[in-house]
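Asker: Okay, so here is protein_8.cif, and as you'll see once you scroll down, it has mmCIF, C-alpha atoms and all ligand atoms.
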data_structure
#
loop_
_atom_site.label_atom_id
_atom_site.label_comp_id
_atom_site.auth_asym_id
_atom_site.auth_seq_id
_atom_site.Cartn_x
_atom_site.Cartn_y
_atom_site.Cartn_z
CA MET A 8 38.11 -147.47 -13.23
CA THR A 9 35.62 -144.80 -12.45
CA ARG A 10 33.49 -144.39 -9.41
CA ARG A 11 30.29 -142.49 -8.88
CA TYR A 12 30.52 -139.68 -6.39
CA GLU A 13 27.29 -138.94 -4.65
CA GLU A 14 26.45 -135.36 -3.77
CA GLN A 15 26.64 -135.83 -0.06
CA TRP A 16 28.24 -132.76 1.43
CA TYR A 17 25.22 -132.42 3.71
CA VAL A 18 23.53 -135.45 5.20
CA PRO A 19 20.99 -134.36 7.83
CA ASP A 20 22.01 -135.29 11.37
CA LYS A 21 25.17 -136.95 10.07
CA TRP A 22 27.50 -134.33 8.65
CA ARG A 23 27.70 -130.95 6.99
CA LEU A 24 30.88 -130.58 4.98
CA SER A 25 31.83 -127.88 2.50
CA LEU A 26 29.65 -127.82 -0.59
CA HIS A 27 32.80 -126.95 -2.54
CA ASN A 28 34.15 -130.46 -1.88
CA TYR A 29 31.81 -131.72 -4.55
CA ALA A 30 32.66 -129.36 -7.41
CA PRO A 31 32.24 -131.34 -10.64
CA GLU A 32 35.68 -130.39 -11.95
CA LEU A 33 37.22 -131.96 -8.83
CA ARG A 34 35.16 -135.10 -9.03
CA GLU A 35 36.19 -135.58 -12.65
CA ARG A 36 39.82 -135.57 -11.58
CA TYR A 37 39.51 -138.26 -8.91
CA ASP A 38 40.46 -141.79 -9.81
CA PHE A 39 39.63 -143.80 -6.69
CA GLN A 40 39.83 -147.53 -7.33
CA ASP A 41 36.76 -149.68 -6.73
CA LYS A 42 38.61 -151.72 -4.13
CA ILE A 43 40.72 -149.89 -1.58
CA GLY A 44 42.53 -151.95 1.05
CA ILE A 45 44.23 -151.07 4.30
CA LEU A 46 47.35 -152.56 5.79
CA ASP A 47 47.16 -151.74 9.48
CA CYS A 48 50.65 -150.95 10.80
CA THR A 49 49.78 -150.23 14.45
CA LEU A 50 51.59 -153.33 15.67
CA ARG A 51 54.78 -152.60 13.74
CA GLU A 52 55.21 -148.93 12.94
CA GLY A 53 52.95 -147.89 15.82
CA LEU A 54 55.04 -149.87 18.27
CA GLU A 55 58.09 -147.88 17.19
CA THR A 56 56.57 -144.90 18.99
CA PRO A 57 59.06 -144.17 21.79
CA GLY A 58 57.70 -145.29 25.14
CA ILE A 59 55.34 -148.03 23.96
CA VAL A 60 55.88 -151.46 25.44
CA MET A 61 53.25 -154.13 24.84
CA THR A 62 53.08 -157.78 25.75
CA LEU A 63 52.24 -160.35 23.08
CA ASN A 64 48.87 -160.84 24.71
CA GLU A 65 48.10 -157.12 24.49
CA LYS A 66 49.16 -157.05 20.83
CA ILE A 67 46.77 -159.89 20.08
CA LYS A 68 43.95 -157.98 21.77
CA VAL A 69 44.70 -154.99 19.53
CA ALA A 70 44.77 -157.27 16.46
CA GLN A 71 41.37 -158.71 17.43
CA ALA A 72 39.94 -155.22 17.90
CA LEU A 73 41.28 -154.24 14.46
CA GLU A 74 39.72 -157.32 12.90
CA ASP A 75 36.47 -156.44 14.62
CA ILE A 76 36.24 -153.03 12.93
CA GLY A 77 36.95 -154.43 9.48
CA ILE A 78 40.73 -154.59 9.01
CA LYS A 79 41.79 -157.56 6.87
CA GLU A 80 45.57 -157.34 6.78
CA ILE A 81 48.11 -156.47 9.42
CA GLU A 82 51.81 -155.63 9.38
CA CYS A 83 53.94 -157.67 11.74
CA GLY A 84 57.50 -156.49 11.04
CA SER A 85 60.61 -158.54 10.25
CA PRO A 86 60.40 -161.99 11.85
CA ALA A 87 63.99 -162.84 10.91
CA ARG A 88 65.34 -159.76 12.69
CA LEU A 89 63.23 -159.64 15.85
CA PRO A 90 61.99 -162.71 17.74
CA ALA A 91 59.02 -160.68 19.08
CA GLN A 92 57.86 -160.06 15.49
CA TYR A 93 58.24 -163.77 14.68
CA GLU A 94 56.02 -164.55 17.65
CA LEU A 95 53.56 -161.88 16.56
CA VAL A 96 53.05 -163.42 13.09
CA LYS A 97 52.52 -166.84 14.66
CA ALA A 98 50.09 -165.59 17.28
CA ILE A 99 48.05 -163.51 14.84
CA LYS A 100 47.69 -166.49 12.51
CA LYS A 101 46.54 -168.59 15.45
CA GLU A 102 44.22 -166.12 17.18
CA THR A 103 42.67 -164.12 14.32
CA GLY A 104 41.54 -164.41 10.73
CA LEU A 105 43.82 -161.57 9.65
CA GLU A 106 46.29 -161.82 6.80
CA THR A 107 49.85 -161.21 7.97
CA PHE A 108 52.41 -159.02 6.24
CA ALA A 109 56.13 -159.43 7.01
CA ALA A 110 59.20 -157.75 5.57
CA GLN A 111 62.56 -159.15 4.57
CA SER A 112 65.37 -156.69 3.90
CA THR A 113 67.46 -156.95 0.74
CA ARG A 114 70.48 -155.85 2.81
CA ASP A 115 70.45 -159.00 4.92
CA PRO A 116 73.16 -161.38 3.62
CA ASN A 117 71.16 -164.28 5.10
CA TRP A 118 68.01 -163.30 3.22
CA LYS A 119 67.17 -166.88 2.16
CA GLN A 120 67.02 -167.94 5.77
CA GLY A 121 65.07 -164.75 6.51
CA ILE A 122 62.41 -165.63 3.94
CA ASP A 123 62.25 -169.17 5.33
CA ILE A 124 61.65 -167.74 8.81
CA CYS A 125 58.82 -165.50 7.52
CA VAL A 126 57.18 -168.51 5.87
CA GLU A 127 57.68 -170.70 8.92
CA ALA A 128 56.08 -168.04 11.16
CA GLY A 129 53.02 -168.01 8.87
CA ALA A 130 53.36 -164.75 6.91
CA ASP A 131 50.80 -164.52 4.09
CA HIS A 132 52.57 -161.63 2.38
CA ILE A 133 56.31 -161.05 2.21
CA ASP A 134 57.54 -157.59 1.36
CA ILE A 135 60.97 -157.65 -0.25
CA LEU A 136 62.18 -154.43 1.26
CA GLY A 137 64.93 -152.57 -0.55
CA THR A 138 65.50 -149.15 -1.98
CA ALA A 139 65.80 -147.74 -5.47
CA ARG A 140 67.70 -144.77 -4.03
CA ALA A 141 71.10 -145.80 -5.37
CA ASN A 142 74.01 -143.46 -5.97
CA THR A 143 75.13 -145.04 -9.23
CA PRO A 144 73.40 -147.03 -12.00
CA ASP A 145 75.64 -149.93 -11.11
CA ALA A 146 74.47 -149.91 -7.49
CA LEU A 147 70.83 -149.81 -8.63
CA ASP A 148 71.39 -152.79 -10.94
CA LYS A 149 72.94 -154.75 -8.08
CA THR A 150 69.96 -154.01 -5.81
CA ILE A 151 67.53 -154.98 -8.54
CA SER A 152 69.23 -158.29 -9.24
CA ARG A 153 69.19 -159.09 -5.49
CA CYS A 154 65.46 -158.22 -5.39
CA VAL A 155 64.68 -160.43 -8.37
CA GLU A 156 66.55 -163.35 -6.83
CA MET A 157 64.67 -162.87 -3.55
CA ILE A 158 61.28 -162.56 -5.27
CA GLU A 159 61.85 -165.79 -7.19
CA TYR A 160 62.94 -167.60 -4.04
CA ALA A 161 60.00 -166.34 -1.96
CA LYS A 162 57.51 -167.20 -4.71
CA GLY A 163 58.92 -170.71 -4.66
CA ARG A 164 57.94 -170.88 -0.97
CA GLY A 165 54.29 -170.36 -1.90
CA VAL A 166 53.60 -166.94 -0.36
CA HIS A 167 52.30 -163.69 -1.85
CA VAL A 168 55.36 -161.64 -2.69
CA GLU A 169 55.59 -157.91 -3.09
CA ILE A 170 58.24 -155.23 -3.31
CA GLY A 171 58.85 -152.05 -1.36
CA SER A 172 61.20 -149.16 -1.89
CA THR A 173 62.10 -147.16 1.20
CA GLY A 174 62.79 -143.48 0.68
CA ALA A 175 60.75 -143.54 -2.54
CA THR A 176 59.89 -139.86 -2.18
CA ASN A 177 63.62 -139.06 -2.29
CA THR A 178 64.27 -141.24 -5.32
CA PRO A 179 64.30 -140.16 -9.00
CA LEU A 180 61.31 -141.46 -10.99
CA GLU A 181 63.60 -143.32 -13.46
CA ASN A 182 65.09 -145.36 -10.61
CA LEU A 183 61.67 -146.16 -9.15
CA SER A 184 60.34 -147.12 -12.56
CA LYS A 185 63.26 -149.46 -13.29
CA TYR A 186 63.12 -151.03 -9.81
CA TYR A 187 59.36 -151.62 -9.68
CA ASN A 188 59.13 -152.82 -13.28
CA ALA A 189 61.89 -155.40 -12.71
CA ALA A 190 60.06 -156.63 -9.60
CA ILE A 191 56.74 -156.84 -11.47
CA ASP A 192 58.43 -158.79 -14.27
CA ALA A 193 59.71 -161.17 -11.58
CA GLY A 194 56.14 -161.70 -10.35
CA VAL A 195 55.27 -159.42 -7.41
CA TRP A 196 51.54 -158.78 -6.99
CA ARG A 197 51.76 -155.29 -5.40
CA PHE A 198 54.33 -152.66 -4.55
CA THR A 199 54.74 -150.17 -1.74
CA TYR A 200 55.80 -146.60 -2.12
CA TYR A 201 57.42 -145.58 1.19
CA ASP A 202 57.50 -141.88 2.06
CA SER A 203 59.95 -142.85 4.80
CA GLY A 204 60.87 -139.30 5.73
CA GLY A 205 57.31 -137.95 5.58
CA CYS A 206 58.65 -135.24 3.33
CA ILE A 207 56.34 -134.96 0.32
CA THR A 208 53.35 -132.66 -0.28
CA PRO A 209 49.94 -134.12 -1.25
CA GLU A 210 50.09 -132.57 -4.75
CA ALA A 211 53.60 -133.92 -5.42
CA SER A 212 52.70 -137.34 -4.07
CA ALA A 213 49.57 -137.64 -6.21
CA ASN A 214 51.63 -136.50 -9.20
CA LEU A 215 54.22 -139.18 -8.51
CA ILE A 216 51.52 -141.86 -8.15
CA THR A 217 50.08 -140.85 -11.53
CA LYS A 218 53.52 -141.09 -13.13
CA LEU A 219 54.29 -144.42 -11.46
CA ARG A 220 50.99 -145.90 -12.64
CA LYS A 221 51.94 -144.89 -16.16
CA ALA A 222 55.49 -146.22 -15.73
CA ILE A 223 54.28 -149.67 -14.65
CA LYS A 224 51.32 -149.57 -17.07
CA ASP A 225 48.95 -150.27 -14.15
CA ARG A 226 50.11 -153.86 -14.04
CA VAL A 227 49.91 -154.19 -10.22
CA PRO A 228 48.17 -152.25 -7.45
CA ILE A 229 50.11 -149.59 -5.55
CA LYS A 230 50.24 -149.36 -1.76
CA VAL A 231 51.31 -146.11 -0.10
CA HIS A 232 53.00 -145.45 3.24
CA HIS A 233 53.23 -141.94 4.65
CA HIS A 234 54.86 -140.43 7.70
CA ASN A 235 53.69 -137.22 9.32
CA ASP A 236 56.96 -135.31 9.68
CA ILE A 237 55.67 -132.24 7.83
CA GLY A 238 52.07 -132.81 8.86
CA PHE A 239 50.82 -134.29 5.58
CA ALA A 240 50.58 -138.04 6.25
CA THR A 241 46.80 -138.24 6.03
CA ALA A 242 46.53 -135.63 3.26
CA CYS A 243 49.13 -137.46 1.14
CA THR A 244 47.39 -140.81 1.68
CA ILE A 245 44.06 -139.38 0.52
CA ALA A 246 45.70 -137.61 -2.44
CA ASP A 247 47.41 -140.86 -3.50
CA LEU A 248 44.18 -142.84 -3.27
CA ALA A 249 42.41 -140.16 -5.32
CA ALA A 250 45.20 -140.56 -7.88
CA GLY A 251 44.57 -144.29 -8.13
CA ALA A 252 46.65 -146.00 -5.43
CA SER A 253 44.78 -149.09 -4.16
CA TYR A 254 46.15 -149.73 -0.67
CA CYS A 255 47.41 -147.61 2.20
CA ASP A 256 49.35 -148.19 5.40
CA LEU A 257 47.66 -146.72 8.47
CA THR A 258 47.97 -146.79 12.25
CA VAL A 259 45.40 -146.29 15.01
CA ASN A 260 45.71 -142.79 16.52
CA GLY A 261 48.41 -142.00 13.92
CA LEU A 262 50.98 -143.79 16.09
CA GLY A 263 54.47 -144.23 14.71
CA ASP A 264 58.01 -143.12 15.26
CA ARG A 265 58.87 -139.40 15.17
CA ALA A 266 55.67 -137.48 14.22
CA GLY A 267 53.73 -140.67 13.51
CA ASN A 268 51.97 -142.10 10.46
CA ALA A 269 48.73 -141.59 8.57
CA ALA A 270 45.88 -142.20 11.03
CA LEU A 271 43.31 -144.93 10.40
CA GLU A 272 40.47 -142.89 11.87
CA GLU A 273 41.25 -139.83 9.75
CA VAL A 274 41.62 -141.65 6.44
CA ALA A 275 38.56 -143.87 6.94
CA CYS A 276 36.29 -140.98 7.98
CA ILE A 277 37.51 -138.49 5.38
CA LEU A 278 37.08 -141.02 2.58
CA LYS A 279 33.54 -141.79 3.66
CA MET A 280 32.30 -138.28 4.42
CA ALA A 281 34.21 -136.08 2.00
CA TYR A 282 34.65 -138.40 -0.99
CA GLY A 283 31.84 -140.93 -0.65
CA VAL A 284 34.33 -143.81 -0.61
CA ASP A 285 33.56 -146.64 1.82
CA ILE A 286 36.56 -148.81 2.72
CA GLY A 287 34.68 -151.23 4.93
CA ILE A 288 35.69 -149.85 8.32
CA GLN A 289 33.02 -149.67 11.01
CA LEU A 290 33.44 -146.00 11.80
CA ASP A 291 31.23 -146.10 14.87
CA LYS A 292 33.78 -148.32 16.62
CA LEU A 293 36.70 -145.95 16.10
CA TRP A 294 36.26 -144.02 19.35
CA ASP A 295 36.37 -147.16 21.49
CA LEU A 296 39.25 -148.60 19.47
CA SER A 297 41.24 -145.42 20.00
CA ARG A 298 40.65 -145.48 23.77
CA PHE A 299 41.52 -149.19 23.90
CA VAL A 300 44.82 -148.69 22.07
CA GLU A 301 45.63 -145.67 24.25
CA LYS A 302 45.10 -147.78 27.35
CA LEU A 303 47.25 -150.67 26.18
CA CYS A 304 50.09 -148.58 24.80
CA GLY A 305 50.06 -145.97 27.57
CA ILE A 306 50.19 -143.00 25.20
CA LYS A 307 47.27 -140.59 25.04
CA SER A 308 46.40 -138.87 21.76
CA GLN A 309 46.47 -135.10 21.59
CA PRO A 310 43.15 -133.85 23.03
CA ASN A 311 42.23 -131.74 20.00
CA LYS A 312 42.86 -134.50 17.45
CA ALA A 313 40.11 -134.91 14.85
CA TYR A 314 37.65 -137.79 15.35
CA ILE A 315 39.23 -139.36 18.45
CA GLY A 316 40.64 -136.47 20.51
CA ARG A 317 39.09 -136.07 23.95
CA ASN A 318 38.03 -132.52 23.13
CA ALA A 319 36.70 -133.28 19.66
CA PHE A 320 33.07 -133.25 20.83
CA ILE A 321 33.23 -131.25 24.04
CA HIS A 322 31.67 -127.81 23.86
CA GLU A 323 32.71 -124.93 26.06
CA SER A 324 31.35 -121.91 24.20
CA ALA A 325 28.09 -120.72 25.74
CA GLN A 326 26.30 -120.53 22.41
CA HIS A 327 27.02 -124.17 21.46
CA ALA A 328 26.48 -125.41 25.00
CA ILE A 329 22.97 -123.91 25.10
CA GLN A 330 22.08 -125.48 21.77
CA ILE A 331 23.18 -128.87 23.06
CA LEU A 332 21.44 -128.49 26.40
CA ARG A 333 18.28 -127.61 24.53
CA GLY A 334 18.65 -130.83 22.60
CA ALA A 335 18.29 -128.71 19.52
CA ALA A 336 21.58 -129.66 17.97
CA LYS A 337 20.35 -128.73 14.51
CA PRO A 338 22.37 -128.55 12.50
CA LEU A 339 24.87 -130.34 14.66
CA ALA A 340 25.51 -127.59 17.23
CA GLY A 341 28.66 -126.18 15.71
CA GLU A 342 29.91 -129.65 14.80
CA THR A 343 30.84 -130.69 11.29
CA TYR A 344 29.71 -134.23 11.91
CA ASN A 345 27.69 -136.06 14.48
CA PRO A 346 29.92 -137.63 17.18
CA ALA A 347 27.89 -140.84 16.78
CA ILE A 348 29.61 -141.36 13.39
CA VAL A 349 32.73 -142.46 15.30
CA GLY A 350 30.83 -143.80 18.31
CA ALA A 351 31.47 -140.77 20.52
CA LYS A 352 29.12 -138.58 22.55
CA ARG A 353 28.94 -134.82 22.68
CA GLU A 354 29.49 -133.17 26.03
CA VAL A 355 29.16 -129.77 27.59
CA THR A 356 31.92 -128.39 29.77
CA ILE A 357 31.86 -125.19 31.77
CA GLY A 358 34.93 -123.02 31.32
CA PRO A 359 35.86 -119.34 31.15
CA THR A 360 34.14 -118.87 27.78
CA SER A 361 30.84 -120.43 28.98
CA LEU A 362 30.15 -118.02 31.78
CA THR A 363 27.62 -115.76 30.14
CA GLU A 364 24.46 -114.72 31.94
CA GLU A 365 22.50 -116.49 29.22
CA ILE A 366 23.85 -119.95 30.03
CA LEU A 367 23.68 -119.41 33.79
CA THR A 368 20.01 -118.46 33.69
CA TYR A 369 19.21 -121.07 31.03
CA ARG A 370 20.63 -123.88 33.16
CA LEU A 371 18.96 -122.56 36.32
CA GLY A 372 15.66 -122.65 34.43
CA MET A 373 16.31 -126.22 33.28
CA LEU A 374 16.94 -127.28 36.87
CA GLU A 375 13.75 -125.43 37.89
CA LEU A 376 15.64 -123.29 40.40
CA THR A 377 14.49 -119.80 41.30
CA TYR A 378 17.17 -117.15 41.50
CA THR A 379 17.92 -113.46 42.00
CA ASN A 380 20.32 -111.33 39.97
CA GLN A 381 22.62 -111.32 42.97
CA GLN A 382 22.68 -115.14 43.04
CA VAL A 383 23.51 -115.27 39.34
CA ALA A 384 26.47 -112.93 39.97
CA THR A 385 27.56 -115.07 42.94
CA ILE A 386 27.43 -118.22 40.82
CA GLY A 387 29.59 -116.54 38.14
CA ASP A 388 32.17 -115.52 40.76
CA LYS A 389 32.20 -118.94 42.39
CA VAL A 390 32.57 -120.86 39.11
CA ARG A 391 35.35 -118.53 37.96
CA ALA A 392 37.19 -118.98 41.25
CA VAL A 393 36.99 -122.80 41.09
CA ILE A 394 38.15 -122.85 37.47
CA MET A 395 41.09 -120.55 38.21
CA GLU A 396 42.13 -122.54 41.23
CA ARG A 397 41.86 -125.96 39.55
CA LYS A 398 43.06 -124.77 36.16
CA THR A 399 40.49 -127.09 34.58
CA ASN A 400 36.90 -126.76 33.46
CA LEU A 401 33.89 -127.99 35.39
CA THR A 402 31.80 -130.89 34.26
CA LEU A 403 28.12 -130.17 33.83
CA ALA A 404 27.39 -132.12 37.04
CA GLU A 405 29.88 -130.02 39.01
CA PHE A 406 28.36 -126.86 37.57
CA ASP A 407 24.88 -128.02 38.51
CA ASN A 408 26.05 -128.68 42.09
CA ILE A 409 27.20 -125.07 42.42
CA LEU A 410 23.87 -123.80 41.04
CA ARG A 411 21.97 -125.91 43.58
CA GLU A 412 24.27 -124.92 46.42
CA ILE A 413 23.60 -121.24 45.82
CA CYS A 414 19.96 -121.25 44.71
CA GLU A 415 18.23 -124.04 46.58
ZN ZN B 501 57.37 -146.14 8.03
#
Can you present the structure in this file as structure tokens?
Answerer:
Amino acid sequence: MTRRYEEQWYVPDKWRLSLHNYAPELRERYDFQDKIGILDCTLREGLETPGIVMTLNEKIKVAQALEDIGIKEIECGSPARLPAQYELVKAIKKETGLETFAAQSTRDPNWKQGIDICVEAGADHIDILGTARANTPDALDKTISRCVEMIEYAKGRGVHVEIGSTGATNTPLENLSKYYNAAIDAGVWRFTYYDSGGCITPEASANLITKLRKAIKDRVPIKVHHHNDIGFATACTIADLAAGASYCDLTVNGLGDRAGNAALEEVACILKMAYGVDIGIQLDKLWDLSRFVEKLCGIKSQPNKAYIGRNAFIHESAQHAIQILRGAAKPLAGETYNPAIVGAKREVTIGPTSLTEEILTYRLGMLELTYTNQQVATIGDKVRAVIMERKTNLTLAEFDNILREICE
């Protein structure tokens, strides 16, 4: 399938990306599918972040917030292994319109009962979760025959059945090809490629997706799952989608065990702004969603994180601050995109790099205060002293109070 890519590197008052993003030779290479779906993994993988404890009620609130921004499908874990994940599937089916995704391991000797438990809980999709990373051909054949048996059984229970291979990025292509093809022959509708160790580069991952599509003759859509151990989770997800994968696993704020997973906000915004691909997420609700999840899970995102970091739209440099105070943020006051895209607001903060004479006198003028050169110097000294003592910046209101104190 081919998609049209609009020239949209610069959209006034929305974003100004690199014009090189839209080079024709790049656009020719992309193979984004017309329909790209997300499986949100915040309530499974995200909850494996050390230190997160959430009640069922809180999880349901997160699920409802996800549904509200446009998520359609949500991962709930392994109901047969963990009672809390069984309860989660049930509650999500009851309280939301989301489709539920549950996994059943091929290693579980009681897998039949496990599949029954998934069905009983209300799972819409069952992922037969094994691995093609076998040491011998014999071991691979054994895994495949177990998978086929499980797929046939689960299909008989009337659910959508799919297959996953953990550690796929550490598995030879021949093994993956044999494993996925056998599962497709047995009737799965989709398969997942798990980069469990977060160890692949974007170029290698896209290359593997291209080869896998060829190996399975594009018979079913591919879903991708990336971890951020080497810092490439989002980049790999985007590269895979550009290579023709149709679904991706994402978490809010990039939550997940170890270094986390591909972040929903990053993938959704990059696809829209840099590739012109809309995946049906209401971007302007991302900021609030991020804050909401932070509050419920008790873990704050890094402040300089793209899109949802607390500092992402706060300006300290005098030059940018003046532009913003002037209301002349054209184009975008040193920002690549307007904070309103994700539902955030830009702010000015006064720190060590803001204290130029230009901003001091500019702000005094805005507040209609008269001043002498001596007072300007006193303000500079006072603000510096407060910042050094507190080891934090001043808000604009705090800054204004000092200006008034000295000049009124
Ligand atoms: Zn994972």
Asker: Let me make sure I understand: among A:Ala190, A:Ile277, A:Ala347, A:Ile321, which one has the smallest atom-to-atom distance to Trp294 (chain A) if we use only C-alpha atoms?
Answerer: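 Once distances to Trp294 (chain A) are computed over only C-alpha atoms, the minimum belongs to A:Ala347.
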Asker: Which residues sit within 7 Å of ligand ZN 501 (chain B), counting all atoms listed in the file, listed as a PyMOL selection string?
Answerer: chain A and resi 52+201+203+232-234
Asker: Between CA of Ala275 (chain A) and CA of Arg220 (chain A), what is the distance, to one decimal in Å?
Answerer: 23.3 Å
Asker: Please provide the set of residues having any atom within 7 Å of Leu290 (chain A), restricted to only C-alpha atoms, with same-chain residues fewer than 3 positions apart removed, written as number ranges by chain.
Answerer: A: 276, 293, 348-349
Asker: At what distance in Å, to one decimal, does CA of Asn268 (chain A) lie from CA of Leu215 (chain A)?
Answerer: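 Computing it gives 19.3 Å between the two atoms.
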Asker: Between A:Ala270, A:Ile329, A:Cys243, A:Leu95, which one has atoms that come closest to Glu364 (chain A), using all atoms listed in the file?
Answerer: A:Ile329
Asker: List as a PyMOL selection string the protein and nucleic acid residues near Asp407 (chain A), meaning an atom at most 9 Å away when only C-alpha atoms are counted, but skip any in the same chain fewer than 4 places from it.
Answerer: chain A and resi 370-371+374+402-403+411-412
Asker: Between CA of Thr143 (chain A) and CA of Thr208 (chain A), what is the distance in Å, rounded to a tenth?
Answerer: 26.6 Å
Asker: Using only C-alpha atoms, give me every residue within 12 Å of (64.0, -168.4, 7.6) in file coordinates, as number ranges by chain.
Answerer: A: 85-88, 90, 93, 109-111, 115, 117-130, 133, 160-161, 164
Asker: Within 7 Å of Thr113 (chain A), counting all atoms listed in the file, which residues qualify if same-chain residues fewer than 6 places away don't, as a PyMOL selection string?
Answerer: chain A and resi 135-137+153-154
Asker: Pick the closest to Ile366 (chain A) from A:Gln326, A:Asn311, A:Ser172, A:Asn345: which is it, counting all atoms listed in the file?
Answerer: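 Among the listed residues, A:Gln326 lies closest to Ile366 (chain A).
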Asker: Point out the residue among A:Ala72, A:Ile237, A:Ile413, A:Ala211 with the least atom-to-atom distance to Ala250 (chain A), counting only C-alpha atoms.
Answerer: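 The shortest atom-to-atom distance to Ala250 (chain A) comes from A:Ala211.
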Asker: Which of these residues is nearest to Asp20 (chain A), using only C-alpha atoms: A:Tyr378, A:Tyr282, A:Tyr344, A:Tyr369?
Answerer: A:Tyr344
